[in-house]
Every structure is written in structure tokens, then in C-alpha cells.
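> Input file: model22.cif. Contents: mmCIF, C-alpha atoms.
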```
data_input
#
loop_
_atom_site.label_atom_id
_atom_site.label_comp_id
_atom_site.auth_asym_id
_atom_site.auth_seq_id
_atom_site.Cartn_x
_atom_site.Cartn_y
_atom_site.Cartn_z
CA MET B 20 -89.54 36.82 -7.47
CA THR B 21 -86.26 35.01 -8.22
CA ARG B 22 -84.52 36.45 -11.27
CA ARG B 23 -83.30 34.10 -13.98
CA THR B 24 -79.81 34.04 -15.43
CA ASP B 25 -80.39 31.27 -18.00
CA GLY B 26 -77.76 31.37 -20.73
CA VAL B 27 -75.50 33.79 -18.85
CA LEU B 28 -74.47 31.93 -15.70
CA PRO B 29 -73.97 28.15 -15.62
CA GLU B 30 -76.68 26.07 -13.99
CA GLY B 31 -76.60 26.41 -10.22
CA LEU B 32 -74.22 29.37 -10.05
CA ALA B 33 -76.84 32.02 -9.27
CA GLU B 34 -78.24 29.83 -6.50
CA ALA B 35 -74.74 29.21 -5.13
CA ILE B 36 -73.96 32.95 -5.08
CA ARG B 37 -77.24 33.76 -3.37
CA GLY B 38 -76.94 30.89 -0.90
CA THR B 39 -73.33 31.67 -0.01
CA ALA B 40 -74.17 35.32 0.64
CA ASP B 41 -77.05 34.22 2.89
CA ASP B 42 -74.78 31.78 4.74
CA ILE B 43 -72.17 34.49 5.32
CA ALA B 44 -74.88 36.83 6.60
CA ALA B 45 -76.01 34.12 9.05
CA VAL B 46 -72.42 33.73 10.29
CA LEU B 47 -72.13 37.48 10.83
CA ARG B 48 -75.35 37.52 12.85
CA THR B 49 -73.96 34.87 15.21
CA GLU B 50 -73.32 35.87 18.78
CA ALA B 51 -69.68 35.86 19.82
CA PRO B 52 -68.40 32.78 21.68
CA ALA B 53 -68.65 33.13 25.45
CA GLY B 54 -66.08 35.58 26.76
CA ALA B 55 -64.93 36.60 23.28
CA GLY B 56 -66.38 40.11 23.36
CA ASP B 57 -67.52 42.03 20.29
CA VAL B 58 -67.90 39.84 17.17
CA ALA B 59 -66.54 42.62 14.95
CA ARG B 60 -63.25 42.67 16.88
CA LEU B 61 -62.60 38.94 16.75
CA PRO B 62 -59.38 38.09 14.86
CA VAL B 63 -59.65 36.19 11.59
CA PRO B 64 -57.27 33.17 11.56
CA ARG B 65 -54.26 33.46 9.24
CA SER B 66 -55.11 37.10 8.56
CA ALA B 67 -54.31 40.58 9.87
CA TRP B 68 -58.01 41.47 9.65
CA THR B 69 -60.76 41.32 12.26
CA VAL B 70 -64.23 39.94 11.54
CA GLY B 71 -65.49 43.49 11.02
CA GLU B 72 -62.72 44.28 8.55
CA ALA B 73 -63.14 41.03 6.60
CA ALA B 74 -66.91 41.56 6.41
CA ALA B 75 -66.41 45.17 5.28
CA HIS B 76 -64.06 43.94 2.55
CA LEU B 77 -66.68 41.43 1.40
CA ALA B 78 -69.37 44.13 1.27
CA GLN B 79 -67.07 46.36 -0.78
CA ALA B 80 -66.01 43.51 -3.08
CA ASN B 81 -69.61 42.48 -3.74
CA ALA B 82 -70.41 46.10 -4.62
CA LEU B 83 -67.43 46.15 -7.00
CA MET B 84 -68.58 42.92 -8.65
CA ALA B 85 -72.12 44.27 -9.00
CA ASP B 86 -70.76 47.37 -10.77
CA LEU B 87 -68.65 45.22 -13.09
CA ALA B 88 -71.65 43.02 -13.89
CA ALA B 89 -73.57 46.18 -14.81
CA GLY B 90 -70.81 47.04 -17.31
CA HIS B 91 -69.16 49.83 -15.32
CA GLU B 92 -65.40 50.35 -15.32
CA ARG B 93 -63.92 50.14 -11.81
CA PRO B 94 -60.08 50.34 -11.74
CA TYR B 95 -58.77 48.28 -8.84
CA GLY B 96 -55.05 47.55 -8.77
CA ASP B 97 -53.07 46.33 -11.76
CA GLY B 98 -54.07 42.66 -11.61
CA THR B 99 -51.14 41.46 -9.48
CA PRO B 100 -51.82 39.99 -6.02
CA GLY B 101 -49.72 42.68 -4.36
CA SER B 102 -51.56 45.54 -6.02
CA LEU B 103 -54.93 43.97 -5.16
CA ALA B 104 -53.91 43.74 -1.51
CA GLU B 105 -52.92 47.41 -1.55
CA ALA B 106 -56.23 48.37 -3.20
CA ASN B 107 -58.10 46.37 -0.54
CA GLU B 108 -56.36 48.24 2.27
CA ARG B 109 -57.02 51.64 0.67
CA ALA B 110 -60.67 50.79 0.18
CA LEU B 111 -61.05 49.60 3.78
CA ALA B 112 -59.43 52.76 5.10
CA GLY B 113 -62.08 54.84 3.37
CA PHE B 114 -65.04 52.75 4.56
CA GLY B 115 -66.00 53.05 8.21
CA GLU B 116 -68.68 50.39 8.70
CA ARG B 117 -67.53 47.42 10.83
CA SER B 118 -70.78 46.27 12.45
CA PRO B 119 -71.66 42.70 11.44
CA GLY B 120 -75.42 43.28 11.13
CA PRO B 121 -75.34 46.11 8.58
CA LEU B 122 -72.49 44.42 6.71
CA ALA B 123 -74.51 41.19 6.47
CA GLU B 124 -77.30 43.16 4.79
CA MET B 125 -74.84 44.81 2.38
CA ILE B 126 -73.25 41.49 1.40
CA THR B 127 -76.59 39.86 0.50
CA ALA B 128 -78.00 42.97 -1.19
CA ARG B 129 -74.91 43.44 -3.33
CA ALA B 130 -74.81 39.76 -4.31
CA ALA B 131 -78.42 40.19 -5.46
CA ALA B 132 -77.42 43.34 -7.36
CA PHE B 133 -74.70 41.36 -9.13
CA LEU B 134 -77.24 38.76 -10.24
CA SER B 135 -79.63 41.46 -11.46
CA GLY B 136 -76.85 43.10 -13.46
CA VAL B 137 -75.27 39.99 -14.92
CA GLU B 138 -78.50 38.69 -16.41
CA GLU B 139 -78.51 41.70 -18.76
CA ARG B 140 -75.09 40.86 -20.19
CA ASP B 141 -74.31 39.01 -23.41
CA PRO B 142 -72.80 35.61 -22.46
CA GLY B 143 -69.93 36.24 -24.90
CA GLU B 144 -69.13 39.70 -23.57
CA ARG B 145 -65.77 40.36 -21.93
CA LEU B 146 -66.06 42.43 -18.77
CA SER B 147 -63.23 44.36 -17.15
CA THR B 148 -62.21 42.91 -13.76
CA PRO B 149 -59.32 43.32 -11.30
CA LEU B 150 -57.76 40.18 -12.83
CA GLY B 151 -58.29 41.08 -16.47
CA PRO B 152 -61.16 40.61 -18.94
CA MET B 153 -63.65 37.83 -18.11
CA SER B 154 -66.94 36.56 -19.44
CA PRO B 155 -69.99 37.12 -17.22
CA ALA B 156 -69.96 33.42 -16.30
CA VAL B 157 -66.33 33.52 -15.15
CA LEU B 158 -66.99 36.77 -13.27
CA GLY B 159 -69.82 35.00 -11.43
CA SER B 160 -67.43 32.17 -10.60
CA TYR B 161 -64.94 34.80 -9.35
CA LEU B 162 -67.56 36.32 -7.05
CA LEU B 163 -68.47 32.90 -5.64
CA THR B 164 -64.81 31.99 -5.10
CA HIS B 165 -64.14 35.25 -3.29
CA MET B 166 -67.16 34.88 -1.02
CA LEU B 167 -66.35 31.26 -0.19
CA GLY B 168 -62.77 32.12 0.79
CA HIS B 169 -63.69 34.97 3.10
CA GLY B 170 -66.85 33.20 4.28
CA TYR B 171 -64.67 30.31 5.40
CA ASP B 172 -62.47 32.75 7.32
CA LEU B 173 -65.45 34.36 9.04
CA ALA B 174 -66.98 31.01 9.99
CA LEU B 175 -63.67 29.91 11.47
CA ALA B 176 -63.37 33.15 13.44
CA VAL B 177 -66.78 32.77 15.12
CA ASN B 178 -66.54 28.97 15.47
CA ARG B 179 -69.38 28.18 13.06
CA PRO B 180 -69.56 25.53 10.30
CA HIS B 181 -68.26 26.86 6.99
CA MET B 182 -70.34 27.04 3.80
CA LEU B 183 -68.02 25.22 1.38
CA ASP B 184 -69.28 22.05 -0.28
CA ALA B 185 -68.43 20.00 -3.36
CA ARG B 186 -71.04 21.59 -5.63
CA ARG B 187 -70.04 25.14 -4.76
CA VAL B 188 -66.37 24.32 -5.21
CA GLU B 189 -67.02 22.85 -8.68
CA LEU B 190 -68.62 26.16 -9.65
CA THR B 191 -65.39 27.99 -8.75
CA LEU B 192 -63.38 26.06 -11.37
CA PRO B 193 -64.03 28.40 -14.33
CA PHE B 194 -62.51 31.27 -12.37
CA MET B 195 -59.70 29.21 -10.86
CA ILE B 196 -58.65 27.89 -14.29
CA GLU B 197 -58.72 31.34 -15.90
CA ALA B 198 -56.96 33.05 -12.99
CA MET B 199 -54.12 30.58 -12.41
CA PRO B 200 -51.76 31.92 -15.11
CA ARG B 201 -52.43 35.46 -13.86
CA VAL B 202 -51.60 34.72 -10.22
CA ALA B 203 -48.62 32.39 -10.74
CA ASP B 204 -45.76 33.29 -8.40
CA PRO B 205 -42.83 34.20 -10.68
CA ALA B 206 -40.27 33.00 -8.13
CA ALA B 207 -42.07 29.68 -7.58
CA VAL B 208 -42.44 28.80 -11.28
CA ALA B 209 -39.06 30.13 -12.43
CA GLY B 210 -37.19 27.41 -14.33
CA LEU B 211 -39.94 24.82 -13.83
CA THR B 212 -41.23 22.68 -16.70
CA ALA B 213 -43.96 20.23 -15.71
CA SER B 214 -47.53 19.19 -16.53
CA PHE B 215 -50.25 18.55 -13.94
CA ALA B 216 -53.64 16.83 -14.07
CA VAL B 217 -55.80 18.05 -11.19
CA ARG B 218 -58.98 16.14 -10.42
CA LEU B 219 -61.65 16.74 -7.80
CA ARG B 220 -62.75 13.52 -6.13
CA ASN B 221 -66.04 12.39 -7.76
CA GLY B 222 -65.93 15.54 -9.88
CA PRO B 223 -64.29 17.28 -12.84
CA GLY B 224 -60.63 17.95 -13.51
CA PHE B 225 -58.38 20.34 -15.39
CA GLY B 226 -54.78 20.67 -16.51
CA VAL B 227 -51.91 23.03 -15.78
CA THR B 228 -48.73 23.13 -17.83
CA VAL B 229 -45.64 25.07 -16.80
CA THR B 230 -42.99 25.56 -19.49
CA ASP B 231 -39.84 27.22 -18.20
CA GLY B 232 -41.93 29.40 -15.89
CA ALA B 233 -44.77 30.16 -18.33
CA VAL B 234 -48.11 28.87 -16.99
CA ARG B 235 -51.10 27.65 -19.01
CA ALA B 236 -54.31 26.22 -17.57
CA ASP B 237 -56.78 24.14 -19.60
CA ARG B 238 -60.22 22.75 -18.93
CA GLU B 239 -59.01 19.24 -19.87
CA PRO B 240 -56.12 17.46 -18.10
CA PRO B 241 -53.07 16.60 -20.24
CA ALA B 242 -52.94 13.08 -21.70
CA ARG B 243 -49.61 12.19 -20.03
CA PRO B 244 -49.08 14.47 -17.03
CA ASP B 245 -45.93 14.47 -14.97
CA CYS B 246 -48.04 14.60 -11.82
CA THR B 247 -51.69 13.74 -11.19
CA ILE B 248 -53.33 15.24 -8.13
CA LEU B 249 -56.61 13.89 -6.76
CA THR B 250 -58.11 16.03 -4.03
CA GLU B 251 -61.33 16.42 -2.11
CA PRO B 252 -63.17 19.46 -3.48
CA VAL B 253 -63.16 21.53 -0.28
CA ALA B 254 -59.48 20.77 0.30
CA PHE B 255 -58.74 21.86 -3.28
CA LEU B 256 -60.29 25.28 -2.79
CA LEU B 257 -58.72 25.84 0.62
CA LEU B 258 -55.31 24.90 -0.80
CA GLY B 259 -55.84 27.10 -3.84
CA LEU B 260 -56.78 30.09 -1.71
CA GLY B 261 -53.91 29.58 0.70
CA ARG B 262 -56.17 28.80 3.67
CA VAL B 263 -54.43 25.52 4.56
CA ASP B 264 -50.95 24.04 4.15
CA PRO B 265 -50.39 21.12 1.74
CA TRP B 266 -48.65 18.62 4.03
CA PRO B 267 -51.44 18.24 6.66
CA VAL B 268 -53.98 17.84 3.83
CA ILE B 269 -51.84 15.11 2.25
CA ALA B 270 -51.24 13.42 5.60
CA ARG B 271 -55.00 13.12 6.15
CA GLY B 272 -55.50 11.57 2.71
CA ARG B 273 -57.51 14.52 1.40
CA ALA B 274 -55.07 15.00 -1.48
CA LEU B 275 -53.01 12.37 -3.30
CA GLY B 276 -50.30 12.72 -5.94
CA TRP B 277 -48.80 10.19 -8.34
CA GLY B 278 -47.17 9.90 -11.75
CA ARG B 279 -43.64 10.28 -13.12
CA ARG B 280 -42.90 13.13 -10.70
CA PRO B 281 -45.23 12.69 -7.70
CA TRP B 282 -43.05 14.90 -5.49
CA LEU B 283 -44.43 17.90 -7.40
CA ALA B 284 -47.88 17.48 -5.78
CA PRO B 285 -47.12 19.36 -2.52
CA ARG B 286 -45.37 22.05 -4.54
CA PHE B 287 -48.33 22.70 -6.83
CA PRO B 288 -50.42 24.99 -4.55
CA ARG B 289 -47.34 27.10 -3.84
CA LEU B 290 -46.89 27.90 -7.52
CA PHE B 291 -49.66 30.49 -7.13
CA ARG B 292 -50.36 33.52 -4.95
CA ALA B 293 -54.00 33.88 -3.99
CA PRO B 294 -55.30 37.34 -4.97
#
```
Rewrite the structure from the file as C-alpha cells, please.

Amino acid sequence: MTRRTDGVLPEGLAEAIRGTADDIAAVLRTEAPAGAGDVARLPVPRSAWTVGEAAAHLAQANALMADLAAGHERPYGDGTPGSLAEANERALAGFGERSPGPLAEMITARAAAFLSGVEERDPGERLSTPLGPMSPAVLGSYLLTHMLGHGYDLALAVNRPHMLDARRVELTLPFMIEAMPRVADPAAVAGLTASFAVRLRNGPGFGVTVTDGAVRADREPPARPDCTILTEPVAFLLLGLGRVDPWPVIARGRALGWGRRPWLAPRFPRLFRAP
């Protein structure tokens, strides 16, 4: 029986989490391309990890999220991208499983455990997470964002279609908006004062204001932004997670920038360090 998360997670988020976990499991059960050898040893593009390592990280992260949804404290770094990367490496070093099949089962089972735990939470509760306190709904958005980023990597590594789509990307926005001030790159925002309106094509938007290096993100775009960015949803998430570079995306028309300071558009993704 499918569990309900009415009133805790936004409409569609539980289904997106479950579906993304299933899609990642299907990718991991794919046979390696001809002549590529063991799937687990395939390199992940733009990463130092192999498929087996990235899948192991996802299994561990889903377990962490399930524990957090159940209300357990799980210290994991100090909230900075660098400390999270160090915590990831320590966790991987202490976890020996690298076989795609068992890891696929862990990823789906732990996503289901998250959904079982989160439905018991009060929607207004603030849960401890690696990036600071979050509501259960934002934590669910965090889990989805994390799975989509690494799921994209795994699909690319085994030459399979990725699982990102406009609806799933829209469901990552609560986490992205809350996390942006926490993952701003101090060197990139130093001395900058600017306001941005970011809009997903045929979808919602949000605002980011930088005031002399201090970053604030809002669910509504500013009335008179310095730079408006319109982007395809999948391109937005890949840019935000550092999976693609801005200029090729702009050259293909998947992201556009205009306003009083349109030259800030390619700079915007680089203001943040993906955790």
C-alpha cells in the first residue's frame, strides 16, 4: 500500500522521490556498454568517483535522510560544502559495498524509509540537516535534489537517459531557495551588490539579492531586478548543481539573461558552490 504524506510534503513530492529512486535503481541495473567492463568501475563524468562509489554515496545519503526524517540527530560536517565533501569521503571509506545491484535495492528502500518517517512529522517542525534546520517539506526537496544530481551523473556514466524533468525540477525549488545563502561562495559574492529574478520556462520563479556579499533568496522575484534569468528547468538544476557550464547552455538558448545588468547572468551560477 502506498503511504500518504498529505499535509507534510507538497503534492507530487513523495511520488517524485519514489520515482527518482526507482529510475536510479534501473540505471544501476543496466549492463555496461560493450567493452566497458564492470559497471561499478565506470568513471562518473566530472567526478573523481566511479559508478560504484557514487551509488554507495547515494545509498548512504538516503539512509542519512531517512534518519533525519525520523527525527534522529546525525552530525555530518559543519554545513559548508568543503566539510560535506570531507564527510562524504570518510563515510565512503567506511562502507565497502560497491556492487550496483545491492546498492540499487538500498537506494529505493531508504527512499521509502524516508517517506515512512517524514509522514509522522509535524509540517512546521524544524529538522536538523547537514545544511542547517529545515522543515520536513524542504528536507524532502533536499533528498529529491540530491538524488537527481547523482542520478544524472550515473545515467551519463552508463549512457542511459537521465531522470530529470520539469516537474521534478520544480519540486527542488524549496530546497534550492533555502540552501542558496548557505552555499554562496564567499570569494564569488565578495563586494557584489545585485538583484536577480530567476524564472523557469513555463514554471515558477524566485529572487536572489546580494548586498555587499550577503545573500538572500526569496520565493518571489524582486520587482525591479538588475538581471532577469529565464532558463529551461533541467538546465537550471544542472547549472545549480555544477553539472554543466553556463556558456554552452546560453549558446544553445537554454538560458537567457536581460535587464539593467544582463552580463551578470553567466556569473550567477558561479556565485554558489554545490554541496
> Mind giving me the straight-line distance from CA of Pro252 in chain B to CA of Leu167 in chain B in Å, one decimal?
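Taking CA of Pro252 in chain B as the start and CA of Leu167 in chain B as the end point, the length is 12.7 Å.
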> Just so the selection is clear, what residues does the PyMOL selection byres ((chain B and resi 146) around 9) cover here, as a ChimeraX atom specification?
/B:87-88,90-92,144-145,147-148,151-155,158
> Taking (-59.6, 16.2, -5.6) in the coordinates of the supplied file, I want to know which residues reach to within 12 Å of it, counting all atoms listed in the file; could you give the answer as number ranges by chain?
B: 185, 188-189, 216-225, 247-259, 268-269, 272-276, 284
> Interatomic distance between CA of Leu173 in chain B and CA of Asp97 in chain B?
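Calculated distance between CA of Leu173 in chain B and CA of Asp97 in chain B is 27.0 Å.
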> What is the CA of Thr212 in chain B-CA of Trp277 in chain B distance in Å, reported with one decimal?
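Straight-line distance from CA of Thr212 in chain B to CA of Trp277 in chain B works out to 16.8 Å.
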> May I ask which of the residues B:Ala156, B:Ala82, B:Ala59, B:Leu103 is the closest one to Leu47 in chain B, counting all atoms listed in the file?
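Ranked by minimum distance to Leu47 in chain B, first place goes to B:Ala59.
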> Residue by residue, what does the PyMOL selection byres ((chain B and resi 194) around 9) grab here? Present the result as a ChimeraX atom specification.
/B:153,156-162,164,190-193,195-199
> Just C-alpha atoms for this one: save the residues we selected as a short mmCIF file (atom, residue, chain, number, x, y, z; two decimals), in the coordinates of the input.

```cif
data_model
loop_
_atom_site.label_atom_id
_atom_site.label_comp_id
_atom_site.auth_asym_id
_atom_site.auth_seq_id
_atom_site.Cartn_x
_atom_site.Cartn_y
_atom_site.Cartn_z
CA MET B 153 -63.65 37.83 -18.11
CA ALA B 156 -69.96 33.42 -16.30
CA VAL B 157 -66.33 33.52 -15.15
CA LEU B 158 -66.99 36.77 -13.27
CA GLY B 159 -69.82 35.00 -11.43
CA SER B 160 -67.43 32.17 -10.60
CA TYR B 161 -64.94 34.80 -9.35
CA LEU B 162 -67.56 36.32 -7.05
CA THR B 164 -64.81 31.99 -5.10
CA LEU B 190 -68.62 26.16 -9.65
CA THR B 191 -65.39 27.99 -8.75
CA LEU B 192 -63.38 26.06 -11.37
CA PRO B 193 -64.03 28.40 -14.33
CA MET B 195 -59.70 29.21 -10.86
CA ILE B 196 -58.65 27.89 -14.29
CA GLU B 197 -58.72 31.34 -15.90
CA ALA B 198 -56.96 33.05 -12.99
CA MET B 199 -54.12 30.58 -12.41
#
```
> To test your reading of the syntax: which residues would the PyMOL selection byres ((chain B and resi 202) around 6) return for the file shown? Reply as a PDB file with C-alpha atoms, in the frame of the given file.

```
ATOM      1  CA  MET B 199     -54.120  30.580 -12.410  1.00  0.00           C
ATOM      2  CA  PRO B 200     -51.760  31.920 -15.110  1.00  0.00           C
ATOM      3  CA  ARG B 201     -52.430  35.460 -13.860  1.00  0.00           C
ATOM      4  CA  ALA B 203     -48.620  32.390 -10.740  1.00  0.00           C
ATOM      5  CA  PHE B 291     -49.660  30.490  -7.130  1.00  0.00           C
ATOM      6  CA  ARG B 292     -50.360  33.520  -4.950  1.00  0.00           C
TER       7      ARG B 292
END
```
> What lies within 12 Å of Ala104 in chain B using only C-alpha atoms, ignoring chain neighbours under 3 positions off, as a PyMOL selection string?
chain B and resi 67+76+95-101+107-111+149+292-294
> Which residue is closest to Ala176 in chain B? Choose from B:Ala80, B:Val46, B:Leu150, B:Ala89 and count only C-alpha atoms.
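Closest residue, counting only C-alpha atoms: B:Val46.
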> Take every atom of range 121-139 of chain B listed in the file, pad by 8 Å on each side, and give me the axis-aligned box centre and edge lengths in Å, one decimal, as AutoDock Vina command-line options.

```
--center_x -76.1 --center_y 42.4 --center_z -5.1 --size_x 23.1 --size_y 23.4 --size_z 43.3
```
> List as a short mmCIF file (atom, residue, chain, number, x, y, z; two decimals) with C-alpha atoms, in the frame of the given file the protein and nucleic acid residues near Gly232 in chain B, meaning an atom at most 7 Å away when only C-alpha atoms are counted, but skip any in the same chain fewer than 6 places from it.

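Below is the file that was written, result_24.cif:
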```cif
data_model
loop_
_atom_site.label_atom_id
_atom_site.label_comp_id
_atom_site.auth_asym_id
_atom_site.auth_seq_id
_atom_site.Cartn_x
_atom_site.Cartn_y
_atom_site.Cartn_z
CA VAL B 208 -42.44 28.80 -11.28
CA ALA B 209 -39.06 30.13 -12.43
CA GLY B 210 -37.19 27.41 -14.33
CA LEU B 211 -39.94 24.82 -13.83
CA THR B 212 -41.23 22.68 -16.70
#
```
